[in-house]
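Trainee: Here it is: the structure, laid out below.
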Amino acid sequence: QVQLVESGGGLVQAGGSLRLSCAASGRTFSTYAISWFRQAPGKERDFVAGISWSGGLADYADSVKGRFTISRDNAENTVYLQMNSLKPEDTAVYYCGGRRLGPLTVPRQASLYGSWGQGTQVTVSS
């Protein structure tokens, strides 16, 4: 099982950008689907974006489509989430989750992911 560590969060004004990183340890990272989820206080952990281990499938929540881009570098054991045109409603703790799956599979349900990072706070001011 891979260990995941998120970084790159911070405070940004509305309309700004941030790039989150999800770094993994473990030799099997390249066989893991990785997804980003976010959780605001008092709310559930919601799917944001995910990418299959092959990189051949990327999926996005409607709320971030066209603004966020997910990518991965298997040689560096890292998945990135580029977030542009940020809005105050994007404020949350962002987590990356991983699961060993087929080459074109990216679940949206948080309960299907067995590996999680500690989260990174993203705050967007209006």
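Quick note on naming: the chains in the structure tokens go A, B, ... in the order shown, residues restart at 1 in each chain, and ligands are numbered from 1 in order of appearance.
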Each residue of segment 4-38 of chain A lying at most 7 Å from segment 62-77 of chain A should get a row with its shortest atom-to-atom pair and the distance in Å to one decimal, counting only C-alpha atoms; could you produce that, ordered by chain and increasing number, as JSON lines?

Mentor:
{"residue": "A:Ala23", "atom": "CA", "partner": "A:Asn77", "partner_atom": "CA", "distance": 5.9}
{"residue": "A:Ala24", "atom": "CA", "partner": "A:Asn77", "partner_atom": "CA", "distance": 5.4}
{"residue": "A:Phe29", "atom": "CA", "partner": "A:Asn77", "partner_atom": "CA", "distance": 6.3}
{"residue": "A:Ser30", "atom": "CA", "partner": "A:Asn74", "partner_atom": "CA", "distance": 5.5}

Trainee: Residues within 6 Å of segment 32-44 of chain A, please, as an MDAnalysis selection string. Count only C-alpha atoms; anything in the same chain fewer than 3 positions from it doesn't count.

Mentor: chainID A and resid 29 47:53 92:101

Trainee: I'd like the neighbourhood of Arg19 of chain A as a ChimeraX atom specification, where a residue qualifies if any of its atoms comes within 6 Å (using only C-alpha atoms), though same-chain residues fewer than 2 positions away should be ignored.

Mentor: /A:8,81-83

Trainee: Let me see the file: selected residues, N, CA and C atoms, as a PDB file, in the first residue's frame.

Mentor:
ATOM      1  N   GLY A   8       1.084  22.004  -1.078  1.00  0.00           N
ATOM      2  CA  GLY A   8       0.768  23.042  -2.050  1.00  0.00           C
ATOM      3  C   GLY A   8      -0.425  23.905  -1.700  1.00  0.00           C
ATOM      4  N   LEU A  81      -2.628  18.617  -8.995  1.00  0.00           N
ATOM      5  CA  LEU A  81      -3.928  19.231  -9.271  1.00  0.00           C
ATOM      6  C   LEU A  81      -3.697  20.724  -9.472  1.00  0.00           C
ATOM      7  N   GLN A  82      -3.764  21.155 -10.712  1.00  0.00           N
ATOM      8  CA  GLN A  82      -3.644  22.575 -11.029  1.00  0.00           C
ATOM      9  C   GLN A  82      -5.012  23.208 -10.898  1.00  0.00           C
ATOM     10  N   MET A  83      -5.130  24.203 -10.039  1.00  0.00           N
ATOM     11  CA  MET A  83      -6.404  24.838  -9.758  1.00  0.00           C
ATOM     12  C   MET A  83      -6.327  26.300 -10.194  1.00  0.00           C
TER      13      MET A  83
END

Trainee: Could you check which of A:Lys87, A:Tyr80, A:Tyr60, A:Gly15 is closest to Pro107 of chain A, using only C-alpha atoms?

Mentor: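 Using only C-alpha atoms, the shortest distance to Pro107 of chain A belongs to A:Tyr60.
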
Trainee: Tell me which protein, DNA and RNA residues are within 6 Å of Ser21 of chain A, counting only C-alpha atoms, leaving out same-chain ones fewer than 5 positions away, and put them as a PDB file with all heavy atoms, in the first residue's frame.

Mentor:
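result36.pdb written:
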ATOM      1  N   GLU A   6       0.124  15.136   0.791  1.00  0.00           N
ATOM      2  CA  GLU A   6      -0.301  16.288   0.002  1.00  0.00           C
ATOM      3  C   GLU A   6       0.500  17.526   0.390  1.00  0.00           C
ATOM      4  O   GLU A   6       0.942  17.663   1.534  1.00  0.00           O
ATOM      5  CB  GLU A   6      -1.789  16.603   0.219  1.00  0.00           C
ATOM      6  CG  GLU A   6      -2.745  15.470  -0.069  1.00  0.00           C
ATOM      7  CD  GLU A   6      -3.084  14.656   1.157  1.00  0.00           C
ATOM      8  OE1 GLU A   6      -2.281  14.653   2.118  1.00  0.00           O
ATOM      9  OE2 GLU A   6      -4.149  14.005   1.156  1.00  0.00           O
ATOM     10  N   SER A   7       0.650  18.435  -0.560  1.00  0.00           N
ATOM     11  CA  SER A   7       1.284  19.725  -0.303  1.00  0.00           C
ATOM     12  C   SER A   7       0.791  20.727  -1.333  1.00  0.00           C
ATOM     13  O   SER A   7       0.150  20.346  -2.316  1.00  0.00           O
ATOM     14  CB  SER A   7       2.812  19.612  -0.358  1.00  0.00           C
ATOM     15  OG  SER A   7       3.233  19.209  -1.651  1.00  0.00           O
ATOM     16  N   VAL A  79       1.151  13.023  -8.229  1.00  0.00           N
ATOM     17  CA  VAL A  79      -0.035  13.488  -8.951  1.00  0.00           C
ATOM     18  C   VAL A  79      -0.235  14.949  -8.604  1.00  0.00           C
ATOM     19  O   VAL A  79      -0.075  15.352  -7.441  1.00  0.00           O
ATOM     20  CB  VAL A  79      -1.276  12.659  -8.579  1.00  0.00           C
ATOM     21  CG1 VAL A  79      -2.545  13.305  -9.122  1.00  0.00           C
ATOM     22  CG2 VAL A  79      -1.148  11.241  -9.124  1.00  0.00           C
ATOM     23  N   TYR A  80      -0.578  15.738  -9.603  1.00  0.00           N
ATOM     24  CA  TYR A  80      -0.763  17.173  -9.422  1.00  0.00           C
ATOM     25  C   TYR A  80      -2.213  17.561  -9.664  1.00  0.00           C
ATOM     26  O   TYR A  80      -2.917  16.931 -10.451  1.00  0.00           O
ATOM     27  CB  TYR A  80       0.123  17.945 -10.393  1.00  0.00           C
ATOM     28  CG  TYR A  80       1.588  17.621 -10.272  1.00  0.00           C
ATOM     29  CD1 TYR A  80       2.194  16.724 -11.142  1.00  0.00           C
ATOM     30  CD2 TYR A  80       2.372  18.210  -9.283  1.00  0.00           C
ATOM     31  CE1 TYR A  80       3.542  16.409 -11.033  1.00  0.00           C
ATOM     32  CE2 TYR A  80       3.720  17.909  -9.159  1.00  0.00           C
ATOM     33  CZ  TYR A  80       4.292  17.000 -10.036  1.00  0.00           C
ATOM     34  OH  TYR A  80       5.625  16.703  -9.913  1.00  0.00           O
TER      35      TYR A  80
END

Trainee: Pick out each residue of chain A that DSSP on the backbone tags as strand (DSSP E or B); I need them as a VMD selection string.

Mentor: chain A and resid 3 to 7 10 to 13 18 to 25 32 to 39 46 to 51 58 to 60 68 to 73 78 to 83 92 to 100 115 to 116 120 to 125

Trainee: Quick one: write out the picked residues with C-alpha atoms as a PDB file, in the first residue's frame?

Mentor:
ATOM      1  CA  GLN A   3       1.729   6.281   1.533  1.00  0.00           C
ATOM      2  CA  LEU A   4       0.448   9.638   0.267  1.00  0.00           C
ATOM      3  CA  VAL A   5       1.479  13.176   1.264  1.00  0.00           C
ATOM      4  CA  GLU A   6      -0.301  16.288   0.002  1.00  0.00           C
ATOM      5  CA  SER A   7       1.284  19.725  -0.303  1.00  0.00           C
ATOM      6  CA  GLY A  10      -2.467  27.969   1.009  1.00  0.00           C
ATOM      7  CA  LEU A  11      -4.385  31.230   1.031  1.00  0.00           C
ATOM      8  CA  VAL A  12      -5.221  32.808  -2.317  1.00  0.00           C
ATOM      9  CA  GLN A  13      -7.579  35.487  -3.561  1.00  0.00           C
ATOM     10  CA  LEU A  18      -2.655  26.978  -6.769  1.00  0.00           C
ATOM     11  CA  ARG A  19      -1.018  23.685  -7.645  1.00  0.00           C
ATOM     12  CA  LEU A  20      -1.430  20.806  -5.235  1.00  0.00           C
ATOM     13  CA  SER A  21       0.911  17.827  -5.184  1.00  0.00           C
ATOM     14  CA  CYS A  22       0.264  14.298  -3.967  1.00  0.00           C
ATOM     15  CA  ALA A  23       3.577  12.508  -3.457  1.00  0.00           C
ATOM     16  CA  ALA A  24       3.602   8.771  -2.955  1.00  0.00           C
ATOM     17  CA  SER A  25       6.037   6.271  -1.547  1.00  0.00           C
ATOM     18  CA  TYR A  32      -2.785   3.187  -8.441  1.00  0.00           C
ATOM     19  CA  ALA A  33      -5.674   5.375  -9.480  1.00  0.00           C
ATOM     20  CA  ILE A  34      -5.338   8.669  -7.584  1.00  0.00           C
ATOM     21  CA  SER A  35      -8.147  11.086  -6.877  1.00  0.00           C
ATOM     22  CA  TRP A  36      -8.473  14.411  -5.138  1.00  0.00           C
ATOM     23  CA  PHE A  37     -11.300  14.969  -2.689  1.00  0.00           C
ATOM     24  CA  ARG A  38     -12.157  17.986  -0.570  1.00  0.00           C
ATOM     25  CA  GLN A  39     -13.920  18.426   2.693  1.00  0.00           C
ATOM     26  CA  ASP A  46     -16.474  15.188  -2.037  1.00  0.00           C
ATOM     27  CA  PHE A  47     -14.810  14.002  -5.216  1.00  0.00           C
ATOM     28  CA  VAL A  48     -12.929  16.725  -7.101  1.00  0.00           C
ATOM     29  CA  ALA A  49     -10.847  15.016  -9.789  1.00  0.00           C
ATOM     30  CA  GLY A  50      -9.253  11.655 -10.447  1.00  0.00           C
ATOM     31  CA  ILE A  51      -6.789  10.050 -12.814  1.00  0.00           C
ATOM     32  CA  ALA A  58      -9.220  11.821 -16.060  1.00  0.00           C
ATOM     33  CA  ASP A  59     -12.536  12.636 -14.413  1.00  0.00           C
ATOM     34  CA  TYR A  60     -13.731  15.895 -12.889  1.00  0.00           C
ATOM     35  CA  PHE A  68      -8.909  22.321 -12.512  1.00  0.00           C
ATOM     36  CA  THR A  69      -6.530  19.937 -14.265  1.00  0.00           C
ATOM     37  CA  ILE A  70      -5.222  16.687 -12.841  1.00  0.00           C
ATOM     38  CA  SER A  71      -2.013  15.081 -14.089  1.00  0.00           C
ATOM     39  CA  ARG A  72       0.494  12.504 -12.947  1.00  0.00           C
ATOM     40  CA  ASP A  73       4.199  11.770 -13.284  1.00  0.00           C
ATOM     41  CA  THR A  78       3.441  12.362  -7.940  1.00  0.00           C
ATOM     42  CA  VAL A  79      -0.035  13.488  -8.951  1.00  0.00           C
ATOM     43  CA  TYR A  80      -0.763  17.173  -9.422  1.00  0.00           C
ATOM     44  CA  LEU A  81      -3.928  19.231  -9.271  1.00  0.00           C
ATOM     45  CA  GLN A  82      -3.644  22.575 -11.029  1.00  0.00           C
ATOM     46  CA  MET A  83      -6.404  24.838  -9.758  1.00  0.00           C
ATOM     47  CA  ALA A  92     -11.684  23.139   1.959  1.00  0.00           C
ATOM     48  CA  VAL A  93      -9.117  20.632   3.096  1.00  0.00           C
ATOM     49  CA  TYR A  94      -7.958  18.736   0.030  1.00  0.00           C
ATOM     50  CA  TYR A  95      -7.036  15.066   0.295  1.00  0.00           C
ATOM     51  CA  CYS A  96      -5.622  12.642  -2.211  1.00  0.00           C
ATOM     52  CA  GLY A  97      -6.755   9.054  -2.147  1.00  0.00           C
ATOM     53  CA  GLY A  98      -5.303   6.042  -3.890  1.00  0.00           C
ATOM     54  CA  ARG A  99      -6.398   2.597  -4.893  1.00  0.00           C
ATOM     55  CA  ARG A 100      -4.870  -0.097  -7.025  1.00  0.00           C
ATOM     56  CA  SER A 115      -4.806   5.062   1.031  1.00  0.00           C
ATOM     57  CA  TRP A 116      -5.158   8.687   2.149  1.00  0.00           C
ATOM     58  CA  THR A 120      -3.718  20.302   2.748  1.00  0.00           C
ATOM     59  CA  GLN A 121      -5.796  23.417   3.467  1.00  0.00           C
ATOM     60  CA  VAL A 122      -6.919  25.603   0.581  1.00  0.00           C
ATOM     61  CA  THR A 123      -8.508  28.926   1.487  1.00  0.00           C
ATOM     62  CA  VAL A 124      -9.875  31.280  -1.175  1.00  0.00           C
ATOM     63  CA  SER A 125     -10.740  34.781  -0.045  1.00  0.00           C
TER      64      SER A 125
END

Trainee: Between A:Gly114, A:Gly16, A:Gly55, A:Gly102, which one has atoms that come closest to Asn84 of chain A, using only C-alpha atoms?

Mentor: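 Closest candidate: A:Gly16.
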
Trainee: Please compute the atom CA of Pro103 of chain A-atom CA of Gln118 of chain A distance, one decimal, in Å.

Mentor: 25.6 Å

Trainee: Rounded to one decimal, what separation in Å do you get between atom CA of Arg27 of chain A and atom CA of Ala61 of chain A?

Mentor: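 Interatomic distance here is 29.1 Å.
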
Trainee: Of the candidates A:Leu112, A:Val2, A:Leu86, A:Ala14, which shows the shortest atom-to-atom distance to Thr31 of chain A, using only C-alpha atoms?

Mentor: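 Result for the nearest residue to Thr31 of chain A: A:Val2.
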
Trainee: Quick check for you: according to DSSP on this backbone, which residues of segment 6-112 of chain A are classed as helix (DSSP H, G or I)? Reply as a list in words.

Mentor: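 So the helix (DSSP H, G or I) residues in segment 6-112 of chain A would be Phe29, Ser30, Thr31, Pro88, Glu89, Asp90, Ala110, Ser111 and Leu112 of chain A.
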
Trainee: Save out the residues we just selected, all heavy atoms, as a tab-separated table (two decimals), in the first residue's frame.

Mentor:
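The resulting out26.tsv:
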chain	number	residue	atom	x	y	z
A	29	PHE	N	3.11	2.55	-7.03
A	29	PHE	CA	2.34	3.77	-7.28
A	29	PHE	C	1.80	3.81	-8.69
A	29	PHE	O	0.68	4.26	-8.93
A	29	PHE	CB	3.21	5.00	-7.02
A	29	PHE	CG	2.56	6.28	-7.44
A	29	PHE	CD1	1.57	6.86	-6.66
A	29	PHE	CD2	2.92	6.92	-8.62
A	29	PHE	CE1	0.96	8.04	-7.05
A	29	PHE	CE2	2.33	8.10	-9.01
A	29	PHE	CZ	1.34	8.66	-8.22
A	30	SER	N	2.57	3.35	-9.64
A	30	SER	CA	2.16	3.45	-11.04
A	30	SER	C	0.95	2.59	-11.36
A	30	SER	O	0.38	2.71	-12.45
A	30	SER	CB	3.33	3.09	-11.96
A	30	SER	OG	3.74	1.76	-11.74
A	31	THR	N	0.52	1.73	-10.45
A	31	THR	CA	-0.67	0.92	-10.67
A	31	THR	C	-1.88	1.43	-9.87
A	31	THR	O	-2.90	0.77	-9.82
A	31	THR	CB	-0.42	-0.55	-10.29
A	31	THR	OG1	-0.13	-0.62	-8.89
A	31	THR	CG2	0.73	-1.13	-11.09
A	88	PRO	N	-14.32	31.28	-3.74
A	88	PRO	CA	-14.41	31.06	-2.28
A	88	PRO	C	-15.01	29.69	-1.94
A	88	PRO	O	-14.62	29.08	-0.93
A	88	PRO	CB	-15.31	32.21	-1.82
A	88	PRO	CG	-15.04	33.29	-2.81
A	88	PRO	CD	-14.85	32.59	-4.13
A	89	GLU	N	-15.91	29.20	-2.79
A	89	GLU	CA	-16.52	27.89	-2.49
A	89	GLU	C	-15.57	26.73	-2.70
A	89	GLU	O	-15.91	25.58	-2.40
A	89	GLU	CB	-17.80	27.70	-3.32
A	89	GLU	CG	-17.63	27.95	-4.80
A	89	GLU	CD	-18.05	29.37	-5.20
A	89	GLU	OE1	-17.70	30.33	-4.48
A	89	GLU	OE2	-18.73	29.48	-6.25
A	90	ASP	N	-14.38	26.98	-3.22
A	90	ASP	CA	-13.36	25.95	-3.32
A	90	ASP	C	-12.60	25.76	-2.00
A	90	ASP	O	-11.78	24.85	-1.87
A	90	ASP	CB	-12.35	26.29	-4.42
A	90	ASP	CG	-12.96	26.28	-5.80
A	90	ASP	OD1	-13.76	25.37	-6.11
A	90	ASP	OD2	-12.63	27.19	-6.60
A	110	ALA	N	-15.47	8.02	-2.13
A	110	ALA	CA	-14.34	8.07	-1.21
A	110	ALA	C	-14.13	6.74	-0.49
A	110	ALA	O	-13.00	6.36	-0.18
A	110	ALA	CB	-14.54	9.18	-0.19
A	111	SER	N	-15.22	6.01	-0.24
A	111	SER	CA	-15.12	4.76	0.51
A	111	SER	C	-14.33	3.68	-0.24
A	111	SER	O	-13.92	2.69	0.37
A	111	SER	CB	-16.51	4.24	0.83
A	111	SER	OG	-17.23	3.98	-0.36
A	112	LEU	N	-14.12	3.87	-1.54
A	112	LEU	CA	-13.40	2.87	-2.32
A	112	LEU	C	-11.89	3.07	-2.28
A	112	LEU	O	-11.15	2.25	-2.82
A	112	LEU	CB	-13.88	2.90	-3.77
A	112	LEU	CG	-15.34	2.48	-3.99
A	112	LEU	CD1	-15.71	2.54	-5.47
A	112	LEU	CD2	-15.58	1.08	-3.44

Trainee: Report the distance between atom CA of Thr105 of chain A and atom CA of Gly56 of chain A in Å, rounded to one decimal place.

Mentor: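 Atom CA of Thr105 of chain A sits 9.3 Å away from atom CA of Gly56 of chain A.
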